[in-house]
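Trainee: Please find target.cif (mmCIF, C-alpha atoms) on the next line:
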data_structure
#
loop_
_atom_site.label_atom_id
_atom_site.label_comp_id
_atom_site.auth_asym_id
_atom_site.auth_seq_id
_atom_site.Cartn_x
_atom_site.Cartn_y
_atom_site.Cartn_z
CA MET A 1 0.00 0.00 0.00
CA THR A 2 1.28 3.50 -0.71
CA ARG A 3 2.31 5.68 2.17
CA GLN A 4 -0.65 7.50 3.59
CA SER A 5 -0.40 11.21 4.13
CA PRO A 6 -1.67 12.76 7.32
CA SER A 7 -5.10 14.35 7.14
CA LYS A 8 -6.14 17.84 8.23
CA THR A 9 -7.17 16.42 11.60
CA ASP A 10 -3.50 15.66 12.25
CA PHE A 11 -2.54 19.31 11.88
CA ASP A 12 -1.33 20.73 15.18
CA PRO A 13 -0.43 24.44 15.25
CA ALA A 14 1.81 24.01 18.31
CA VAL A 15 3.83 21.28 16.58
CA ALA A 16 3.99 23.43 13.45
CA ARG A 17 5.35 26.41 15.40
CA SER A 18 8.03 24.22 17.00
CA ILE A 19 9.04 22.96 13.55
CA ILE A 20 9.32 26.55 12.35
CA ALA A 21 11.41 27.50 15.40
CA GLU A 22 13.86 24.65 14.68
CA HIS A 23 14.81 26.25 11.35
CA VAL A 24 14.85 29.99 12.11
CA ALA A 25 18.63 30.27 12.56
CA GLU A 26 19.53 28.12 9.53
CA PRO A 27 20.67 29.59 6.23
CA GLY A 28 17.78 28.89 3.87
CA GLY A 29 15.67 28.20 6.92
CA LEU A 30 12.37 29.06 5.28
CA LEU A 31 12.74 26.27 2.73
CA ALA A 32 13.92 23.87 5.42
CA ALA A 33 10.92 24.76 7.58
CA LEU A 34 8.50 24.39 4.65
CA ASN A 35 9.98 21.00 3.78
CA ALA A 36 9.74 19.86 7.40
CA LEU A 37 6.13 21.07 7.66
CA GLN A 38 5.21 19.31 4.44
CA ALA A 39 6.93 16.12 5.61
CA ARG A 40 5.09 16.20 8.95
CA PHE A 41 1.60 17.23 7.84
CA GLY A 42 1.53 16.42 4.10
CA TYR A 43 0.94 20.08 3.26
CA VAL A 44 1.64 23.62 4.48
CA ASP A 45 -1.49 24.95 6.13
CA GLY A 46 -2.42 28.51 5.14
CA GLU A 47 -2.62 29.55 8.77
CA LEU A 48 1.17 29.12 8.95
CA ILE A 49 1.95 31.89 6.47
CA ALA A 50 1.82 34.61 9.13
CA PRO A 51 3.94 32.70 11.69
CA LEU A 52 6.47 31.83 8.97
CA ALA A 53 6.61 35.46 7.85
CA ASP A 54 7.15 36.63 11.42
CA ALA A 55 9.79 33.99 12.18
CA PHE A 56 11.83 34.70 9.04
CA ASN A 57 11.24 38.47 8.98
CA LEU A 58 9.49 38.30 5.60
CA SER A 59 6.19 39.58 4.30
CA ARG A 60 3.26 37.21 4.02
CA ALA A 61 3.38 37.75 0.26
CA GLU A 62 7.01 36.58 0.16
CA VAL A 63 6.20 33.40 2.10
CA HIS A 64 3.16 32.73 -0.09
CA GLY A 65 5.34 33.34 -3.15
CA VAL A 66 7.85 30.70 -2.06
CA ILE A 67 5.11 28.17 -1.30
CA SER A 68 3.37 28.75 -4.63
CA PHE A 69 6.62 28.81 -6.65
CA TYR A 70 7.76 25.31 -5.71
CA HIS A 71 5.58 22.56 -7.19
CA ASP A 72 6.22 20.17 -4.30
CA PHE A 73 4.48 22.31 -1.69
CA ARG A 74 0.75 21.79 -1.17
CA ASP A 75 -1.61 24.12 0.63
CA ARG A 76 -4.18 21.45 1.44
CA PRO A 77 -4.04 17.80 2.46
CA PRO A 78 -3.39 15.33 -0.36
CA GLY A 79 -5.30 12.11 -0.90
CA ARG A 80 -4.04 8.79 0.48
CA HIS A 81 -2.54 8.07 -2.95
CA VAL A 82 -0.67 10.80 -4.83
CA VAL A 83 -0.29 10.06 -8.53
CA ARG A 84 2.51 12.11 -10.09
CA ILE A 85 3.05 12.12 -13.85
CA CYS A 86 6.37 13.34 -15.18
CA GLN A 87 6.12 16.40 -17.40
CA ALA A 88 9.83 16.72 -18.27
CA GLU A 89 11.01 16.70 -21.86
CA ALA A 90 12.09 13.06 -22.06
CA CYS A 91 8.74 11.87 -20.76
CA GLN A 92 6.89 14.27 -23.05
CA ALA A 93 8.80 12.85 -26.00
CA MET A 94 7.63 9.38 -24.99
CA GLY A 95 3.95 10.25 -24.53
CA SER A 96 3.40 11.80 -21.11
CA ARG A 97 1.10 14.50 -22.52
CA GLY A 98 -1.32 11.85 -23.78
CA LEU A 99 -0.91 9.90 -20.56
CA THR A 100 -1.67 13.06 -18.58
CA ALA A 101 -4.82 13.72 -20.60
CA HIS A 102 -5.90 10.11 -20.03
CA ALA A 103 -5.22 10.36 -16.27
CA LYS A 104 -7.19 13.59 -15.96
CA GLU A 105 -10.14 11.98 -17.74
CA VAL A 106 -10.05 8.68 -15.84
CA LEU A 107 -9.54 10.30 -12.45
CA GLY A 108 -11.83 13.25 -13.12
CA LEU A 109 -9.12 15.50 -11.72
CA ASP A 110 -6.82 18.24 -12.89
CA PHE A 111 -3.34 18.74 -11.48
CA GLY A 112 -3.44 19.76 -7.84
CA GLU A 113 -6.89 18.33 -7.24
CA THR A 114 -7.94 15.54 -4.90
CA ASN A 115 -10.88 13.20 -5.14
CA ALA A 116 -11.61 12.86 -1.46
CA GLY A 117 -13.99 9.93 -1.95
CA GLU A 118 -11.29 7.82 -3.59
CA GLY A 119 -8.36 9.40 -1.79
CA LEU A 120 -6.50 10.16 -5.03
CA THR A 121 -4.51 13.30 -5.80
CA LEU A 122 -3.08 14.09 -9.25
CA GLU A 123 0.11 16.13 -9.48
CA PRO A 124 2.72 17.00 -12.08
CA VAL A 125 6.36 16.26 -11.42
CA TYR A 126 9.27 17.61 -13.42
CA CYS A 127 11.68 14.68 -13.48
CA LEU A 128 11.75 11.40 -11.66
CA GLY A 129 15.21 10.46 -12.88
CA ASN A 130 13.74 7.61 -14.88
CA CYS A 131 14.20 9.08 -18.36
CA ALA A 132 15.38 5.82 -19.90
CA ALA A 133 12.02 4.27 -19.03
CA ALA A 134 9.78 7.20 -19.95
CA PRO A 135 7.03 8.08 -19.46
CA ALA A 136 7.39 7.81 -15.72
CA VAL A 137 4.75 7.91 -13.02
CA MET A 138 5.23 7.98 -9.26
CA ILE A 139 2.55 6.71 -6.91
CA GLY A 140 3.38 7.20 -3.28
CA GLU A 141 7.11 6.51 -3.09
CA THR A 142 7.23 4.07 -6.02
CA VAL A 143 8.38 5.09 -9.51
CA HIS A 144 6.93 3.22 -12.47
CA GLY A 145 8.48 3.36 -15.94
CA ARG A 146 7.12 2.92 -19.45
CA VAL A 147 3.62 3.68 -18.26
CA ASP A 148 0.92 3.75 -20.91
CA ALA A 149 -2.83 4.29 -20.45
CA THR A 150 -3.52 0.60 -19.79
CA ARG A 151 -0.80 0.34 -17.14
CA LEU A 152 -1.92 3.60 -15.52
CA ASP A 153 -5.46 2.22 -15.31
CA MET A 154 -4.11 -0.88 -13.56
CA LEU A 155 -2.07 1.20 -11.12
CA VAL A 156 -5.04 3.43 -10.31
CA ALA A 157 -7.28 0.38 -9.87
CA ALA A 158 -4.76 -1.00 -7.37
CA CYS A 159 -4.88 2.28 -5.43
CA ARG A 160 -8.65 2.21 -5.41
CA LYS A 161 -8.54 -1.31 -3.95
CA GLY A 162 -5.95 -0.29 -1.37
CA VAL A 163 -3.25 -2.46 -2.92
CA ARG A 164 0.30 -1.19 -3.32
CA ALA A 165 0.66 0.38 -6.75
#
Output the file's structure in the form of structure tokens.
Mentor:
Amino acid sequence: MTRQSPSKTDFDPAVARSIIAEHVAEPGGLLAALNALQARFGYVDGELIAPLADAFNLSRAEVHGVISFYHDFRDRPPGRHVVRICQAEACQAMGSRGLTAHAKEVLGLDFGETNAGEGLTLEPVYCLGNCAAAPAVMIGETVHGRVDATRLDMLVAACRKGVRA
């Protein structure tokens, strides 16, 4: 089974503030804090923008800009299964655009959206380091190569059944 991400009910502002405090003195501490928050909660809750801005002596707009600039940061909880489809050039050359269109249709999702009922989130990724086996898809922590529409359907079906994809 793919690794499950924490849900919103797991969010604890006190824990979040202690995570932020751990990174204040570090060079590049904002990114380190954001990564740690994302690792702990599965996303960076919007209510943390002000505390992050205060801790790192930045404006709220600057913190929001960093969060929205990096594709890996989420501002809401992901589904239990995060399906990432590579959008890098090698994967595009091997059919990831068509695979992406198929995934959006089959899942009924666009990038960044979650189907709460099925616990699936669809996200783009910009290189999985699996160019020789493009197009690549990552579900949870597992990278799959040479994924076509049929194989993606099988992987998604496994997620829906709660089986490791």
Trainee: When you draw a straight line from CA of Asp148 in chain A to CA of Gly42 in chain A, how long is it in Å?
Mentor: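 Between CA of Asp148 in chain A and CA of Gly42 in chain A the gap works out to 28.0 Å.
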Trainee: Go through the shown structure with the PyMOL selection byres ((chain A and resi 43) around 12) and write out the matching residues as a ChimeraX atom specification.
Mentor: /A:5-8,10-11,16,33-42,44-48,67-68,71-79,112
Trainee: If we count only C-alpha atoms, what is near Gly65 in chain A at a cut-off of 12 Å, once residues fewer than 4 positions away on the same chain are taken out, given as a VMD selection string?
Mentor: chain A and resid 30 to 31 49 53 58 to 61 69 to 71 73
Trainee: Would you mind telling me which residue in A:Pro27, A:Gly162, A:Pro13, A:Gly98 lies nearest to Val147 in chain A when using all atoms listed in the file?
Mentor: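 Closest residue, counting all atoms listed in the file: A:Gly98.
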Trainee: Which residues of range 134-159 of chain A sit at most 10 Å from range 93-97 of chain A, using all atoms listed in the file? Give each one's shortest atom pair and distance in Å (one decimal place), in chain and ascending residue order, as CSV.
Mentor:
residue,atom,partner,partner_atom,distance
A:Ala134,CA,A:Met94,CA,5.9
A:Pro135,CA,A:Ser96,CA,5.5
A:Ala136,CA,A:Ser96,CA,7.8
A:Val137,CA,A:Ser96,CA,9.1
A:Arg146,CA,A:Met94,CA,8.5
A:Val147,CA,A:Ser96,CA,8.6
A:Asp148,CA,A:Gly95,CA,8.0
A:Ala149,CA,A:Ser96,CA,9.8
Trainee: Would you mind reading off the distance between CA of Gln87 in chain A and CA of Ala116 in chain A, one decimal, in Å?
Mentor: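 Taking CA of Gln87 in chain A and CA of Ala116 in chain A, their separation equals 24.1 Å.
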Trainee: Applied to this file, what does the PyMOL selection byres ((chain A and resi 114) around 10) return in terms of residues, put as a PDB file with C-alpha atoms, keeping the file's coordinate frame?
Mentor:
ATOM      1  CA  ARG A  76      -4.180  21.450   1.440  1.00  0.00           C
ATOM      2  CA  PRO A  77      -4.040  17.800   2.460  1.00  0.00           C
ATOM      3  CA  PRO A  78      -3.390  15.330  -0.360  1.00  0.00           C
ATOM      4  CA  GLY A  79      -5.300  12.110  -0.900  1.00  0.00           C
ATOM      5  CA  ARG A  80      -4.040   8.790   0.480  1.00  0.00           C
ATOM      6  CA  HIS A  81      -2.540   8.070  -2.950  1.00  0.00           C
ATOM      7  CA  VAL A  82      -0.670  10.800  -4.830  1.00  0.00           C
ATOM      8  CA  LEU A 107      -9.540  10.300 -12.450  1.00  0.00           C
ATOM      9  CA  GLY A 108     -11.830  13.250 -13.120  1.00  0.00           C
ATOM     10  CA  LEU A 109      -9.120  15.500 -11.720  1.00  0.00           C
ATOM     11  CA  ASP A 110      -6.820  18.240 -12.890  1.00  0.00           C
ATOM     12  CA  PHE A 111      -3.340  18.740 -11.480  1.00  0.00           C
ATOM     13  CA  GLY A 112      -3.440  19.760  -7.840  1.00  0.00           C
ATOM     14  CA  GLU A 113      -6.890  18.330  -7.240  1.00  0.00           C
ATOM     15  CA  ASN A 115     -10.880  13.200  -5.140  1.00  0.00           C
ATOM     16  CA  ALA A 116     -11.610  12.860  -1.460  1.00  0.00           C
ATOM     17  CA  GLY A 117     -13.990   9.930  -1.950  1.00  0.00           C
ATOM     18  CA  GLU A 118     -11.290   7.820  -3.590  1.00  0.00           C
ATOM     19  CA  GLY A 119      -8.360   9.400  -1.790  1.00  0.00           C
ATOM     20  CA  LEU A 120      -6.500  10.160  -5.030  1.00  0.00           C
ATOM     21  CA  THR A 121      -4.510  13.300  -5.800  1.00  0.00           C
ATOM     22  CA  LEU A 122      -3.080  14.090  -9.250  1.00  0.00           C
ATOM     23  CA  GLU A 123       0.110  16.130  -9.480  1.00  0.00           C
TER      24      GLU A 123
END
Trainee: One decimal, in Å: what's the spacing between CA of Arg84 in chain A and CA of Val66 in chain A?
Mentor: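 The value is 20.9 Å.
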Trainee: Just so the selection is clear, what residues does the PyMOL selection byres ((chain A and resi 142) around 10) cover here, as a list in words?
Mentor: Thr2, Arg3, Val83, Val137, Met138, Ile139, Gly140, Glu141, Val143, His144, Arg164 and Ala165 of chain A
Trainee: Could you tell me which of A:Cys131, A:Asp54, A:His64, A:Leu152 comes closest to Ala90 in chain A if we count only C-alpha atoms?
Mentor: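 Closest to Ala90 in chain A of all the choices is A:Cys131.
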Trainee: Ranking A:Ala50, A:Cys91, A:Phe56, A:Arg151 by minimum distance to Ala21 in chain A and counting all atoms listed in the file, which one comes first?
Mentor: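 Distance minimum relative to Ala21 in chain A lands on A:Phe56.
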Trainee: Which residues, written as an NGL selection string, have at least one atom at most 12 Å from Asn57 in chain A, with only C-alpha atoms counted and residues fewer than 5 positions away on the same chain left out?
Mentor: :A and (24-25 or 29-30 or 49-52 or 62-63)
Trainee: How would the residues just chosen look if you wrote them out with C-alpha atoms as a compact mmCIF listing (two decimals), in the coordinates of the input?
Mentor:
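part.txt, freshly written:
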# COMPACT_ATOMS: atom_id res chain seq x y z
CA VAL A 24 14.85 29.99 12.11
CA ALA A 25 18.63 30.27 12.56
CA GLY A 29 15.67 28.20 6.92
CA LEU A 30 12.37 29.06 5.28
CA ILE A 49 1.95 31.89 6.47
CA ALA A 50 1.82 34.61 9.13
CA PRO A 51 3.94 32.70 11.69
CA LEU A 52 6.47 31.83 8.97
CA GLU A 62 7.01 36.58 0.16
CA VAL A 63 6.20 33.40 2.10
Trainee: Ranking A:Val125, A:Ala32, A:Glu26, A:Ile85 by minimum distance to His102 in chain A and counting only C-alpha atoms, which one comes first?
Mentor: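 Of A:Val125, A:Ala32, A:Glu26, A:Ile85, the one nearest His102 in chain A, counting only C-alpha atoms, is A:Ile85.
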